[in-house]
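So this block is my_file.txt, compact mmCIF, C-alpha atoms:
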# COMPACT_ATOMS: atom_id res chain seq x y z
CA MET C 1 -5.65 -16.44 6.86
CA PHE C 2 -2.45 -15.34 5.06
CA SER C 3 -0.03 -17.44 3.02
CA ASP C 4 3.32 -18.51 4.44
CA GLU C 5 5.03 -16.13 2.00
CA ILE C 6 3.03 -13.17 3.30
CA LYS C 7 3.62 -14.10 6.95
CA THR C 8 7.36 -14.50 6.33
CA LEU C 9 7.61 -11.14 4.56
CA ALA C 10 5.60 -9.43 7.30
CA SER C 11 7.81 -10.95 10.02
CA GLU C 12 10.99 -9.92 8.20
CA ILE C 13 9.73 -6.34 7.81
CA LEU C 14 8.74 -6.11 11.47
CA ASP C 15 12.14 -7.40 12.56
CA LEU C 16 13.96 -4.94 10.28
CA CYS C 17 11.86 -2.07 11.59
CA ARG C 18 12.53 -3.09 15.18
CA ASP C 19 16.26 -3.14 14.51
CA LYS C 20 16.12 0.31 12.90
CA LYS C 21 13.52 1.71 15.34
CA LEU C 22 11.07 2.46 12.52
CA HIS C 23 7.28 2.57 12.56
CA ILE C 24 4.98 1.63 9.68
CA ALA C 25 1.82 3.12 8.18
CA THR C 26 -0.15 1.76 5.26
CA ALA C 27 -2.48 3.52 2.83
CA GLU C 28 -4.70 1.03 1.07
CA SER C 29 -7.37 1.16 -1.56
CA CYS C 30 -7.76 -2.09 -3.54
CA THR C 31 -6.51 -4.25 -0.67
CA GLY C 32 -8.98 -2.79 1.82
CA GLY C 33 -6.71 -3.14 4.85
CA LEU C 34 -5.20 -6.55 4.09
CA ILE C 35 -1.61 -5.24 4.20
CA ILE C 36 -1.99 -3.80 7.68
CA GLY C 37 -3.86 -7.01 8.52
CA ALA C 38 -0.89 -9.10 7.38
CA LEU C 39 1.49 -7.03 9.49
CA THR C 40 -0.72 -7.17 12.58
CA GLU C 41 -1.24 -10.92 12.10
CA ILE C 42 2.25 -11.26 13.57
CA ALA C 43 2.28 -11.29 17.38
CA GLY C 44 4.10 -8.32 18.85
CA SER C 45 3.60 -6.10 15.81
CA SER C 46 2.21 -3.28 17.95
CA ASP C 47 5.73 -2.03 18.68
CA VAL C 48 6.26 -1.33 14.96
CA VAL C 49 2.85 -0.75 13.33
CA ASP C 50 1.55 2.80 13.77
CA ARG C 51 -1.65 2.83 11.70
CA GLY C 52 -3.40 1.92 8.49
CA PHE C 53 -5.49 4.16 6.27
CA ILE C 54 -8.17 2.42 4.22
CA THR C 55 -9.06 4.99 1.61
CA TYR C 56 -11.29 3.25 -0.88
CA THR C 57 -12.95 6.37 -2.28
CA ASN C 58 -11.41 9.47 -3.81
CA ARG C 59 -12.99 11.52 -1.03
CA ALA C 60 -11.25 9.37 1.60
CA LYS C 61 -7.94 9.75 -0.23
CA MET C 62 -8.35 13.52 -0.15
CA GLU C 63 -9.59 13.76 3.46
CA CYS C 64 -7.29 11.23 5.13
CA LEU C 65 -4.14 11.39 2.99
CA ASP C 66 -4.23 14.90 1.50
CA VAL C 67 -4.29 13.56 -2.07
CA SER C 68 -5.22 16.60 -4.16
CA ALA C 69 -8.30 16.74 -6.33
CA ASP C 70 -6.00 17.72 -9.22
CA THR C 71 -3.94 14.55 -8.81
CA LEU C 72 -7.10 12.45 -8.87
CA LYS C 73 -8.54 14.37 -11.80
CA VAL C 74 -5.41 14.20 -13.97
CA GLY C 75 -4.17 10.67 -13.29
CA GLY C 76 -7.21 9.07 -11.75
CA ALA C 77 -7.41 7.02 -8.58
CA VAL C 78 -5.30 4.27 -10.14
CA SER C 79 -2.10 6.03 -11.17
CA PRO C 80 1.51 6.41 -10.12
CA GLU C 81 0.81 9.96 -8.97
CA THR C 82 -2.02 8.87 -6.69
CA ALA C 83 -0.04 5.99 -5.17
CA ILE C 84 2.89 8.32 -4.49
CA ALA C 85 0.61 10.99 -3.00
CA MET C 86 -1.03 8.34 -0.80
CA SER C 87 2.33 7.18 0.56
CA ILE C 88 3.42 10.76 1.28
CA GLY C 89 0.06 11.45 2.95
CA ALA C 90 0.43 8.37 5.14
CA ILE C 91 3.79 9.65 6.41
CA LYS C 92 2.48 13.19 6.85
CA ASN C 93 -0.62 12.09 8.77
CA SER C 94 1.03 9.56 11.09
CA SER C 95 3.95 9.01 13.40
CA ALA C 96 5.40 6.44 11.01
CA ASN C 97 8.85 6.59 9.47
CA VAL C 98 7.96 4.30 6.55
CA ALA C 99 4.77 3.84 4.58
CA VAL C 100 3.42 1.80 1.72
CA ALA C 101 0.42 2.69 -0.43
CA VAL C 102 -1.56 0.67 -2.97
CA THR C 103 -4.22 1.58 -5.49
CA GLY C 104 -5.47 -0.61 -8.28
CA ILE C 105 -8.24 -2.47 -10.07
CA ALA C 106 -8.84 -5.88 -8.51
CA GLY C 107 -11.89 -6.71 -10.65
CA PRO C 108 -14.04 -8.33 -11.72
CA ASP C 109 -15.33 -4.99 -13.00
CA GLY C 110 -13.84 -1.53 -13.36
CA GLY C 111 -11.15 -2.17 -15.91
CA SER C 112 -10.67 -0.36 -19.23
CA LYS C 113 -8.34 -0.53 -22.22
CA HIS C 114 -5.89 1.88 -20.56
CA LYS C 115 -6.40 0.62 -17.00
CA PRO C 116 -7.14 -3.10 -17.17
CA ILE C 117 -8.19 -5.37 -14.35
CA GLY C 118 -5.10 -6.36 -12.41
CA LEU C 119 -3.34 -2.99 -12.78
CA VAL C 120 -1.92 -1.93 -9.42
CA HIS C 121 0.32 0.97 -8.43
CA ILE C 122 2.38 0.61 -5.27
CA ALA C 123 4.47 3.32 -3.62
CA ALA C 124 6.66 3.15 -0.54
CA ILE C 125 8.53 5.90 1.26
CA LYS C 126 10.88 6.39 4.16
CA ARG C 127 10.47 9.73 5.91
CA GLY C 128 12.82 12.31 4.38
CA GLU C 129 13.65 10.19 1.33
CA ASN C 130 12.29 9.79 -2.19
CA THR C 131 9.29 7.60 -2.85
CA LEU C 132 9.73 4.33 -4.73
CA HIS C 133 6.96 3.37 -7.16
CA ARG C 134 6.18 0.11 -8.93
CA GLU C 135 3.49 -0.65 -11.48
CA HIS C 136 2.17 -4.19 -11.62
CA LYS C 137 0.00 -5.77 -14.27
CA PHE C 138 -1.21 -8.94 -12.61
CA GLY C 139 -3.89 -9.51 -15.24
CA ASP C 140 -7.48 -10.65 -14.86
CA ILE C 141 -6.53 -13.52 -12.53
CA GLY C 142 -9.42 -13.07 -10.11
CA ARG C 143 -10.16 -10.48 -7.45
CA SER C 144 -8.72 -12.44 -4.52
CA GLU C 145 -5.62 -13.34 -6.51
CA VAL C 146 -4.97 -9.73 -7.52
CA ARG C 147 -5.33 -8.63 -3.92
CA GLU C 148 -3.00 -11.37 -2.65
CA ALA C 149 -0.40 -10.58 -5.32
CA THR C 150 -0.67 -6.91 -4.33
CA ILE C 151 -0.01 -7.71 -0.66
CA VAL C 152 3.13 -9.65 -1.58
CA ALA C 153 4.38 -6.93 -3.93
CA ALA C 154 3.65 -4.19 -1.40
CA LEU C 155 5.47 -6.00 1.40
CA LYS C 156 8.47 -6.58 -0.88
CA LEU C 157 8.60 -2.88 -1.78
CA LEU C 158 8.20 -1.89 1.87
CA LYS C 159 11.06 -4.21 2.79
CA GLU C 160 13.20 -2.57 0.10
CA VAL C 161 12.50 0.89 1.54
CA VAL C 162 13.24 -0.23 5.12

What does this structure look like when you write it as structure tokens?
Amino acid sequence: MFSDEIKTLASEILDLCRDKKLHIATAESCTGGLIIGALTEIAGSSDVVDRGFITYTNRAKMECLDVSADTLKVGGAVSPETAIAMSIGAIKNSSANVAVAVTGIAGPDGGSKHKPIGLVHIAAIKRGENTLHREHKFGDIGRSEVREATIVAALKLLKEVV
């Protein structure tokens, strides 16, 4: 189901979290739960994975992750501010010590001049520390390819935070 690269990254993250006694939460929009799916693909992940939030709509982002209406109105759903707010909300609304959040435009529709298809914002946080943010412009490479590239980038950022 997942590439060898994704499985390797997921295994490495789980091992690091076990060593540091950390638990993980995810907050996903454009990946629709694939990041938490990659982590839970690894046998024994239940000792590290706390929960995943799939917040595809703005309403879900507000209700589940406490993303403010102002944040969504000013930056939009696909913005650094929203990704950061999603990661903070995942920590706040879980027992996790680390969280990763993704929001983007996977395509084939929904892009614009300022927010093209393939634009993804990823944020990761460790409880009590500053959030890291990365912007990716994967391009119009196909919906599945954007989502897979997002999983890899999110796992790499999560590993960096851990």

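Across C:Val161, C:Val78, C:Ala10, C:Ala38, the tightest approach to Thr103 of chain C is made by C:Val78 when counting all atoms listed in the file.
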
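Atom CA of Val100 of chain C is found 6.0 Å from atom CA of Leu158 of chain C.
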
Between C:Ile42, C:Gly33, C:Ala77, C:Asp19, which is the closest to Asp4 of chain C once you count all atoms listed in the file?
C:Ile42

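Counting from atom CA of Cys17 of chain C, the distance to atom CA of Met1 of chain C is 23.1 Å.
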
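Of the listed residues (C:Ser144, C:Thr82, C:Asn130, C:Thr26), C:Thr26 comes nearest to Arg51 of chain C; the distances count all atoms listed in the file.
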
Skip Tyr56 of chain C itself and residues of its chain fewer than 4 positions away, then list as a ChimeraX atom specification all residues within 10 Å of it, counting only C-alpha atoms.
/C:27-33,60-61,77,103

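Pairwise distance (atom CA of Val120 of chain C, atom CA of Met62 of chain C) equals 19.1 Å.
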